[in-house]
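Comments concern the structure below.
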Amino acid sequence: MFRFKQFSVDQTNCAMKINTDGVLLGALADADNPKTILDIGTGTGVIALMLAQRFTNACVDAVEIDEQAALTAERNFANSPFAERLNLCPVGFEEFFEQHPERKYDLIVSNPPFYINSLLSPQKGRQVAKHAGKGFFEALVNNASGNLSDKGMFCLILPPDTAEIVRKIASMNALFVSRQINLLSYRDSDPHREILLLSTTQQKAIIQQFVIYNKPQIYSEEYCSALKDFFTIF
């Protein structure tokens, strides 16, 4: 059980546990006063819960293809203060969009599987959670682009090499980088993750650097500021 300031997250039967990638996406994903939000591959449900806390007028749908993880996320939603604004759908995103073609979202987020053409994990659950082919991202971006509202944003967190592939796929689906947040472990480190904020409006991208640690085990001020409303240690 991982306890946040306003909710708790049971991680039972979830291949991917709560991690830095997920909580930073939950804290930094943004849109203009979103009323409708979709979390693709919700896992424990932590990102959906964080977004429900941040955007108090938003209804949040979450999809999760892994049956056991979906059950866990559904319990986490039900036990949260935001239960009435959270909805869990235990299907893959393609099936979800086929079932609900009319739905448009102001904000779509995903912490997707991101290793392409790399060694697969020997654990099946973690393999599904962490590995994907290029075709997966083509389907993900295509579906997201068709289900954004006029001012909607699609936000993902990815390693830099995968982010480069996704940027090219996005441009072919009339999605453009509005903001790019490069995540660095330390100020002199190379970025190890990128948060891409994609919109249907072509504009000059804002590129930011986000440093996680000042030194080993000492979080930076920007990390503390981003997570202060969520983590009990701040």
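Chain labels run A, B, ... following the order of the structure tokens; each chain numbers its residues from 1, and ligands are numbered from 1 in the order shown.
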
Mind running range 171-216 of chain A against range 83-106 of chain A at 12 Å and telling me each contacting residue's nearest atom pair with the distance in Å (one decimal), counting only C-alpha atoms, chain and number ascending, as a Markdown table?
```
| residue | atom | partner | partner_atom | distance |
| --- | --- | --- | --- | --- |
| A:Leu198 | CA | A:Asp106 | CA | 11.6 |
| A:Ser199 | CA | A:Asp106 | CA | 10.1 |
| A:Thr200 | CA | A:Asp106 | CA | 11.5 |
```

Exercise. Could you pull out the strand (DSSP E) residues of range 33-165 of chain A from DSSP and send them as a PyMOL selection string?
Worked result: chain A and resi 36-40+59-63+86-89+105-110+148-158

Could the residues in this selection be written to a file with N, CA and C atoms, as an mmCIF file, in the first residue's frame?
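What ended up in out31.cif:
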```cif
data_model
loop_
_atom_site.group_PDB
_atom_site.id
_atom_site.type_symbol
_atom_site.label_atom_id
_atom_site.label_comp_id
_atom_site.auth_asym_id
_atom_site.auth_seq_id
_atom_site.Cartn_x
_atom_site.Cartn_y
_atom_site.Cartn_z
ATOM 1 N N THR A 36 -12.769 16.378 -19.249
ATOM 2 C CA THR A 36 -12.781 14.946 -19.568
ATOM 3 C C THR A 36 -11.347 14.472 -19.744
ATOM 4 N N ILE A 37 -10.976 13.401 -19.036
ATOM 5 C CA ILE A 37 -9.603 12.883 -19.039
ATOM 6 C C ILE A 37 -9.650 11.382 -19.277
ATOM 7 N N LEU A 38 -8.677 10.884 -20.019
ATOM 8 C CA LEU A 38 -8.527 9.441 -20.238
ATOM 9 C C LEU A 38 -7.105 9.030 -19.912
ATOM 10 N N ASP A 39 -6.960 7.991 -19.075
ATOM 11 C CA ASP A 39 -5.653 7.411 -18.733
ATOM 12 C C ASP A 39 -5.569 6.047 -19.406
ATOM 13 N N ILE A 40 -4.662 5.913 -20.367
ATOM 14 C CA ILE A 40 -4.513 4.662 -21.122
ATOM 15 C C ILE A 40 -3.436 3.796 -20.478
ATOM 16 N N CYS A 59 -13.975 14.530 -15.028
ATOM 17 C CA CYS A 59 -14.308 13.104 -14.939
ATOM 18 C C CYS A 59 -13.195 12.333 -15.645
ATOM 19 N N VAL A 60 -12.721 11.266 -15.009
ATOM 20 C CA VAL A 60 -11.546 10.541 -15.500
ATOM 21 C C VAL A 60 -11.925 9.104 -15.848
ATOM 22 N N ASP A 61 -11.766 8.745 -17.114
ATOM 23 C CA ASP A 61 -11.872 7.357 -17.547
ATOM 24 C C ASP A 61 -10.475 6.744 -17.539
ATOM 25 N N ALA A 62 -10.389 5.470 -17.210
ATOM 26 C CA ALA A 62 -9.099 4.768 -17.216
ATOM 27 C C ALA A 62 -9.291 3.395 -17.832
ATOM 28 N N VAL A 63 -8.406 3.009 -18.744
ATOM 29 C CA VAL A 63 -8.478 1.690 -19.365
ATOM 30 C C VAL A 63 -7.260 0.878 -18.964
ATOM 31 N N LEU A 86 -14.341 8.844 -11.210
ATOM 32 C CA LEU A 86 -13.406 7.890 -11.801
ATOM 33 C C LEU A 86 -14.155 6.682 -12.356
ATOM 34 N N ASN A 87 -13.753 6.246 -13.540
ATOM 35 C CA ASN A 87 -14.417 5.113 -14.182
ATOM 36 C C ASN A 87 -13.364 4.194 -14.791
ATOM 37 N N LEU A 88 -13.366 2.923 -14.397
ATOM 38 C CA LEU A 88 -12.391 1.945 -14.880
ATOM 39 C C LEU A 88 -13.017 1.076 -15.961
ATOM 40 N N CYS A 89 -12.333 0.930 -17.081
ATOM 41 C CA CYS A 89 -12.779 0.076 -18.181
ATOM 42 C C CYS A 89 -11.721 -1.005 -18.407
ATOM 43 N N TYR A 105 -11.847 13.816 -25.524
ATOM 44 C CA TYR A 105 -11.178 14.098 -24.260
ATOM 45 C C TYR A 105 -10.348 15.372 -24.339
ATOM 46 N N ASP A 106 -10.416 16.143 -23.259
ATOM 47 C CA ASP A 106 -9.585 17.339 -23.149
ATOM 48 C C ASP A 106 -8.135 16.989 -22.807
ATOM 49 N N LEU A 107 -7.958 15.831 -22.183
ATOM 50 C CA LEU A 107 -6.612 15.370 -21.818
ATOM 51 C C LEU A 107 -6.573 13.851 -21.878
ATOM 52 N N ILE A 108 -5.650 13.326 -22.662
ATOM 53 C CA ILE A 108 -5.372 11.891 -22.701
ATOM 54 C C ILE A 108 -3.935 11.700 -22.244
ATOM 55 N N VAL A 109 -3.717 10.791 -21.311
ATOM 56 C CA VAL A 109 -2.368 10.531 -20.802
ATOM 57 C C VAL A 109 -2.053 9.049 -20.926
ATOM 58 N N SER A 110 -0.773 8.750 -21.029
ATOM 59 C CA SER A 110 -0.349 7.349 -21.036
ATOM 60 C C SER A 110 1.109 7.237 -20.610
ATOM 61 N N LEU A 148 -9.438 13.403 -29.342
ATOM 62 C CA LEU A 148 -9.162 14.620 -28.587
ATOM 63 C C LEU A 148 -10.220 15.673 -28.901
ATOM 64 N N SER A 149 -10.554 16.473 -27.917
ATOM 65 C CA SER A 149 -11.407 17.631 -28.154
ATOM 66 C C SER A 149 -10.601 18.683 -28.918
ATOM 67 N N ASP A 150 -11.250 19.768 -29.319
ATOM 68 C CA ASP A 150 -10.587 20.783 -30.148
ATOM 69 C C ASP A 150 -9.317 21.324 -29.510
ATOM 70 N N LYS A 151 -9.334 21.515 -28.178
ATOM 71 C CA LYS A 151 -8.162 22.038 -27.476
ATOM 72 C C LYS A 151 -7.485 20.953 -26.637
ATOM 73 N N GLY A 152 -7.740 19.704 -26.989
ATOM 74 C CA GLY A 152 -7.230 18.595 -26.191
ATOM 75 C C GLY A 152 -5.730 18.407 -26.287
ATOM 76 N N MET A 153 -5.166 17.761 -25.236
ATOM 77 C CA MET A 153 -3.740 17.460 -25.172
ATOM 78 C C MET A 153 -3.555 15.964 -24.960
ATOM 79 N N PHE A 154 -2.524 15.412 -25.603
ATOM 80 C CA PHE A 154 -2.149 14.015 -25.433
ATOM 81 C C PHE A 154 -0.751 14.001 -24.831
ATOM 82 N N CYS A 155 -0.615 13.440 -23.621
ATOM 83 C CA CYS A 155 0.650 13.485 -22.884
ATOM 84 C C CYS A 155 1.180 12.079 -22.640
ATOM 85 N N LEU A 156 2.446 11.870 -22.960
ATOM 86 C CA LEU A 156 3.107 10.586 -22.743
ATOM 87 C C LEU A 156 4.455 10.811 -22.091
ATOM 88 N N ILE A 157 4.945 9.767 -21.418
ATOM 89 C CA ILE A 157 6.308 9.776 -20.902
ATOM 90 C C ILE A 157 7.054 8.610 -21.537
ATOM 91 N N LEU A 158 8.252 8.901 -22.091
ATOM 92 C CA LEU A 158 8.970 7.938 -22.910
ATOM 93 C C LEU A 158 10.480 8.140 -22.786
#
```

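In this model, the gap between CA of Pro160 in chain A and CA of Leu51 in chain A comes to 24.2 Å.
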
Problem set entry | Test item: residues at most 10 Å from range 19-26 of chain A, only C-alpha atoms, excluding those fewer than 5 positions along its chain, as JSON, numbers by chain | {"A": [39, 42, 43, 45, 46, 47, 48, 49, 50, 51, 52, 53, 54, 109, 110, 111, 112, 155, 156, 157, 158, 183, 193, 194, 195, 196, 212, 223, 226, 227, 230, 231]}

Near Ala69 in chain A, counting only C-alpha atoms, which residues have an atom at most 10 Å away, once you skip same-chain residues fewer than 5 positions from it, shown as an mmCIF file with C-alpha atoms, in the first residue's frame?
```cif
data_model
loop_
_atom_site.group_PDB
_atom_site.id
_atom_site.type_symbol
_atom_site.label_atom_id
_atom_site.label_comp_id
_atom_site.auth_asym_id
_atom_site.auth_seq_id
_atom_site.Cartn_x
_atom_site.Cartn_y
_atom_site.Cartn_z
ATOM 1 C CA GLN A 11 -0.366 -2.329 -5.826
ATOM 2 C CA THR A 12 -1.492 -5.963 -5.514
ATOM 3 C CA ASN A 13 -1.266 -7.974 -8.775
ATOM 4 C CA CYS A 14 0.110 -5.019 -10.763
ATOM 5 C CA ALA A 15 3.172 -5.823 -12.868
ATOM 6 C CA MET A 16 4.355 -2.226 -12.813
ATOM 7 C CA GLY A 41 -2.895 1.693 -19.360
ATOM 8 C CA THR A 42 -3.738 2.866 -15.867
ATOM 9 C CA GLY A 43 -2.054 -0.008 -13.984
ATOM 10 C CA THR A 44 -2.529 0.715 -10.287
ATOM 11 C CA GLY A 45 -4.621 3.761 -11.193
ATOM 12 C CA GLU A 64 -6.388 -1.329 -18.370
ATOM 13 C CA GLU A 74 -11.008 -0.292 -9.599
ATOM 14 C CA ARG A 75 -10.638 -0.897 -5.849
ATOM 15 C CA PRO A 90 -11.030 -3.360 -18.202
ATOM 16 C CA GLY A 125 3.309 -9.303 -16.798
#
```

Got a sec: who's within 12 Å of Arg187 in chain A, counting only C-alpha atoms, leaving out chain neighbours fewer than 2 positions off, as a PDB file with C-alpha atoms, in the first residue's frame?
```pdb
ATOM      1  CA  ASN A 182      13.239  16.511 -20.454  1.00  0.00           C
ATOM      2  CA  LEU A 183      13.710  14.588 -17.205  1.00  0.00           C
ATOM      3  CA  LEU A 184      17.255  14.442 -15.817  1.00  0.00           C
ATOM      4  CA  SER A 185      18.418  12.568 -12.743  1.00  0.00           C
ATOM      5  CA  SER A 189      22.940  14.210 -16.556  1.00  0.00           C
ATOM      6  CA  ASP A 190      21.589  13.440 -20.006  1.00  0.00           C
ATOM      7  CA  PRO A 191      17.784  13.207 -20.190  1.00  0.00           C
ATOM      8  CA  GLN A 209      14.495  20.646 -18.296  1.00  0.00           C
ATOM      9  CA  PHE A 210      13.315  18.981 -15.088  1.00  0.00           C
ATOM     10  CA  VAL A 211      15.961  17.814 -12.595  1.00  0.00           C
ATOM     11  CA  ILE A 212      14.950  15.153 -10.063  1.00  0.00           C
ATOM     12  CA  TYR A 213      17.907  15.125  -7.638  1.00  0.00           C
ATOM     13  CA  ASN A 214      20.310  17.769  -6.361  1.00  0.00           C
ATOM     14  CA  LYS A 215      22.553  14.925  -5.158  1.00  0.00           C
ATOM     15  CA  PRO A 216      22.000  11.249  -4.253  1.00  0.00           C
ATOM     16  CA  TYR A 219      15.358  15.709  -4.242  1.00  0.00           C
ATOM     17  CA  SER A 220      15.506  18.968  -6.187  1.00  0.00           C
ATOM     18  CA  GLU A 222      11.313  21.439  -8.599  1.00  0.00           C
TER      19      GLU A 222
END
```

For this session: Kindly give the distance, in Å, that separates CA of Leu175 in chain A and CA of Asp161 in chain A, rounded to a single decimal.
Result: 18.3 Å

Problem set entry | Selected residue, from A:Ser178, A:Asn173, A:Ser80, A:Gln68, that lies nearest to Ala144 in chain A when counting only C-alpha atoms |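 Of A:Ser178, A:Asn173, A:Ser80, A:Gln68, the one nearest Ala144 in chain A, counting only C-alpha atoms, is A:Asn173.
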
For this session: Between CA of Phe2 in chain A and CA of Ile233 in chain A, measure the distance and give it in Å to one decimal.
Result: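 We find that CA of Phe2 in chain A and CA of Ile233 in chain A lie 12.1 Å from each other.
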
Exercise. Could you name the residues that touch Ile169 in chain A at 8 Å or less, counting only C-alpha atoms, but leaving out those on the same chain fewer than 4 positions away, as an NGL selection string?
Worked result: :A and (137-138 or 141 or 165 or 173)

Problem set entry | Backbone DSSP call of helix (DSSP H, G or I) for range 11-234 of chain A, listed as a ChimeraX atom specification | /A:20-28,46-54,67-78,83-85,93-99,124-130,134-146,160-172,221-227
